[in-house]
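Visitor: Below are the structure tokens for one structure; questions will follow.
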Amino acid sequence: MKRKLISAIGVAGMMISLAACGGDNGDGGGKAGADGYAGQTLTVWVMDGSSPDQWQKDVAAAFEKKTKAKVKFEIQQWNGIQQKLTTALSEENPPDVFEIGNTQTPAYAKTGGLADLADLKTEIGADWTASLNESSIYDGKQYAAPWYFANRVVLYNKKVWAEAGIKDTPKTRDEFYADLKQIGEKTDAEPIYLPGQNWYHFVGLTIGEGAELVKKDGDKYVSNLDDPKIAAAMETYKKFQALSKAPKDKDEATPQQGEVFGKGNVGAFIGMGWEAGIAIKANPKIEKEIGYFTIPGATADKPEGVFLGGSNLAVAAGSQKQDLAKEFLKIALSDQYEGELAKLNGVIPNKESLQTNLKGNVVAEAAAPAAAGGGTTPLIPEWAAVENAPNPIKTYMTAVLNGKSPAEAAKQVEDEFNKRLSQQQ
């Protein structure tokens, strides 16, 4: 899925698309000889914006020094990448290493397109953050390696909060709600802009409740929206949404919530850091007023659950250079170059110990604390069809916000939800 982040706060135009790359041109063979892998070229597909030029240059130099081989980075676009990658993996000469969206990984693993990286995990991945590595595992096997991630934060208007007499950012969900109520009581601003179908935030709330959106029924997956834990997450969403004037039947892009926030009369919204750029484009004067904090959870010691968007790195099962590809991954994912990527792009690295590289990037510093407790939509190939419009989870949310009980709303969308989960992959 396409994602963007602000890599340097204060500059509206500095946005980054998260992506992947591939290719191959060189002599075949994956084993190192007396001269290492001299004469071979490894093809790596990375998405547009994922890997800065400096990072590519540094990794390529380290790779060539260690292996005597060269690396060819090929930049790909998110639009159409799934079909392009599917085709490439079925051909004789696929990209050796490629970036893949974390929620897309299970589908490619199921089809046999990804090489088993269990040995790589043993060698360099013992301290990968478990929540970030989860999407790289399918059917109990390690089919990819976690690369970089991002999640939602609270973006707030410092001026509005000051006018309401609020001197500090909240540390718990109750404090957050109380602050928003105070904004509504003491200012003319809308406390929070929260449209009824900001479903990725809702997914984060379900993660925080320890809930699963699907469950197993025999040999198939079915809806789990009737779980009381999901109902609790929806009740939390409903409580905060009641403080908003946003439509109950629209998502955060209709209209763009950053544009609404940019008008200067909204206390806060929940979104990706790059959405500040939308607000600033709409109203450059608001730039100095934007602040960020971690979405507060039920207790101060544990942030709210968040949806983790991000990318993994994988090796093509059909690559003739799998050993060389793993040498590349050992370098690219090393503390040195994983840390460099985090610093340059402001993304969350695959180890908590590397989050020190985010110091000074206020968006990344706000996002990072929630990463360890974050998660994704169900990591099953059957999930992809669920997200197609009209997304039944969005329908469920709007139904609850319009007065139906969570149980009634879950029943309303159950047939459609299950129909999508049963579609052939």
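By order in the structure tokens, chains are A, B, ...; within a chain, residues start at 1; ligands start at 1, following the order shown.
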Show me, as a compact mmCIF listing (two decimals) with N, CA and C atoms, in the first residue's frame, the residues that have an atom within 12 Å of Pro228 in chain A when counting only C-alpha atoms, minus same-chain residues fewer than 3 positions from it.
Guide:
```
# COMPACT_ATOMS: atom_id res chain seq x y z
N THR A 206 -8.43 -1.79 17.59
CA THR A 206 -8.67 -3.23 17.79
C THR A 206 -7.39 -3.94 18.19
N GLU A 209 -6.83 -3.52 21.76
CA GLU A 209 -7.72 -4.37 22.57
C GLU A 209 -7.31 -5.84 22.52
N GLY A 210 -6.32 -6.15 21.67
CA GLY A 210 -5.91 -7.54 21.52
C GLY A 210 -6.90 -8.34 20.69
N ALA A 211 -7.62 -7.69 19.79
CA ALA A 211 -8.65 -8.35 18.99
C ALA A 211 -8.14 -8.71 17.60
N GLU A 212 -8.80 -9.67 16.99
CA GLU A 212 -8.52 -10.08 15.62
C GLU A 212 -9.75 -9.81 14.77
N LEU A 213 -9.56 -9.30 13.57
CA LEU A 213 -10.69 -8.97 12.70
C LEU A 213 -11.30 -10.20 12.04
N ASN A 224 -14.84 -11.64 12.35
CA ASN A 224 -14.82 -11.68 13.82
C ASN A 224 -15.28 -10.35 14.40
N LEU A 225 -16.04 -9.59 13.61
CA LEU A 225 -16.48 -8.26 14.06
C LEU A 225 -17.43 -8.32 15.24
N ALA A 231 -15.96 -4.64 19.66
CA ALA A 231 -17.02 -3.72 20.08
C ALA A 231 -16.45 -2.65 21.01
N ALA A 232 -15.55 -3.05 21.92
CA ALA A 232 -14.93 -2.08 22.83
C ALA A 232 -14.11 -1.06 22.07
N ALA A 233 -13.38 -1.53 21.05
CA ALA A 233 -12.59 -0.61 20.23
C ALA A 233 -13.49 0.38 19.51
N MET A 234 -14.62 -0.11 19.01
CA MET A 234 -15.55 0.76 18.30
C MET A 234 -16.20 1.76 19.24
N GLU A 235 -16.46 1.36 20.46
CA GLU A 235 -17.03 2.29 21.44
C GLU A 235 -16.04 3.41 21.76
N SER A 405 -26.07 -0.97 17.45
CA SER A 405 -25.12 -1.55 18.40
C SER A 405 -24.01 -2.22 17.60
N PRO A 406 -22.81 -2.37 18.20
CA PRO A 406 -21.74 -3.07 17.48
C PRO A 406 -22.16 -4.45 17.00
N ALA A 407 -22.95 -5.16 17.80
CA ALA A 407 -23.41 -6.50 17.41
C ALA A 407 -24.31 -6.43 16.18
N ALA A 410 -22.19 -5.55 13.14
CA ALA A 410 -21.38 -6.69 12.72
C ALA A 410 -22.23 -7.67 11.92
```
Visitor: Please return, as a PyMOL selection string, all residues of range 162-284 of chain A that DSSP assigns to helix (DSSP H, G or I) on the basis of the backbone.
Guide: chain A and resi 162-163+173-186+199-208+228-241+257-262+275-282+284
Visitor: Excluding Gly184 in chain A and any residue of its chain fewer than 4 positions from it, enumerate the residues within 9 Å of it, using only C-alpha atoms, and give them as a VMD selection string.
Guide: chain A and resid 164 179 to 180 188 to 191 243 267
Visitor: Nearest to Gly196 in chain A: which of A:Gln182, A:Thr254, A:Gln54, A:Thr299 is it, counting only C-alpha atoms?
Guide: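 Looking at the shortest contact to Gly196 in chain A, the residue is A:Thr254.
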Visitor: Point out the residue among A:Ala409, A:Val260, A:Leu313, A:Ala268 with the least atom-to-atom distance to Ile280 in chain A, counting only C-alpha atoms.
Guide: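 For Ile280 in chain A, the nearest of the candidates is A:Val260.
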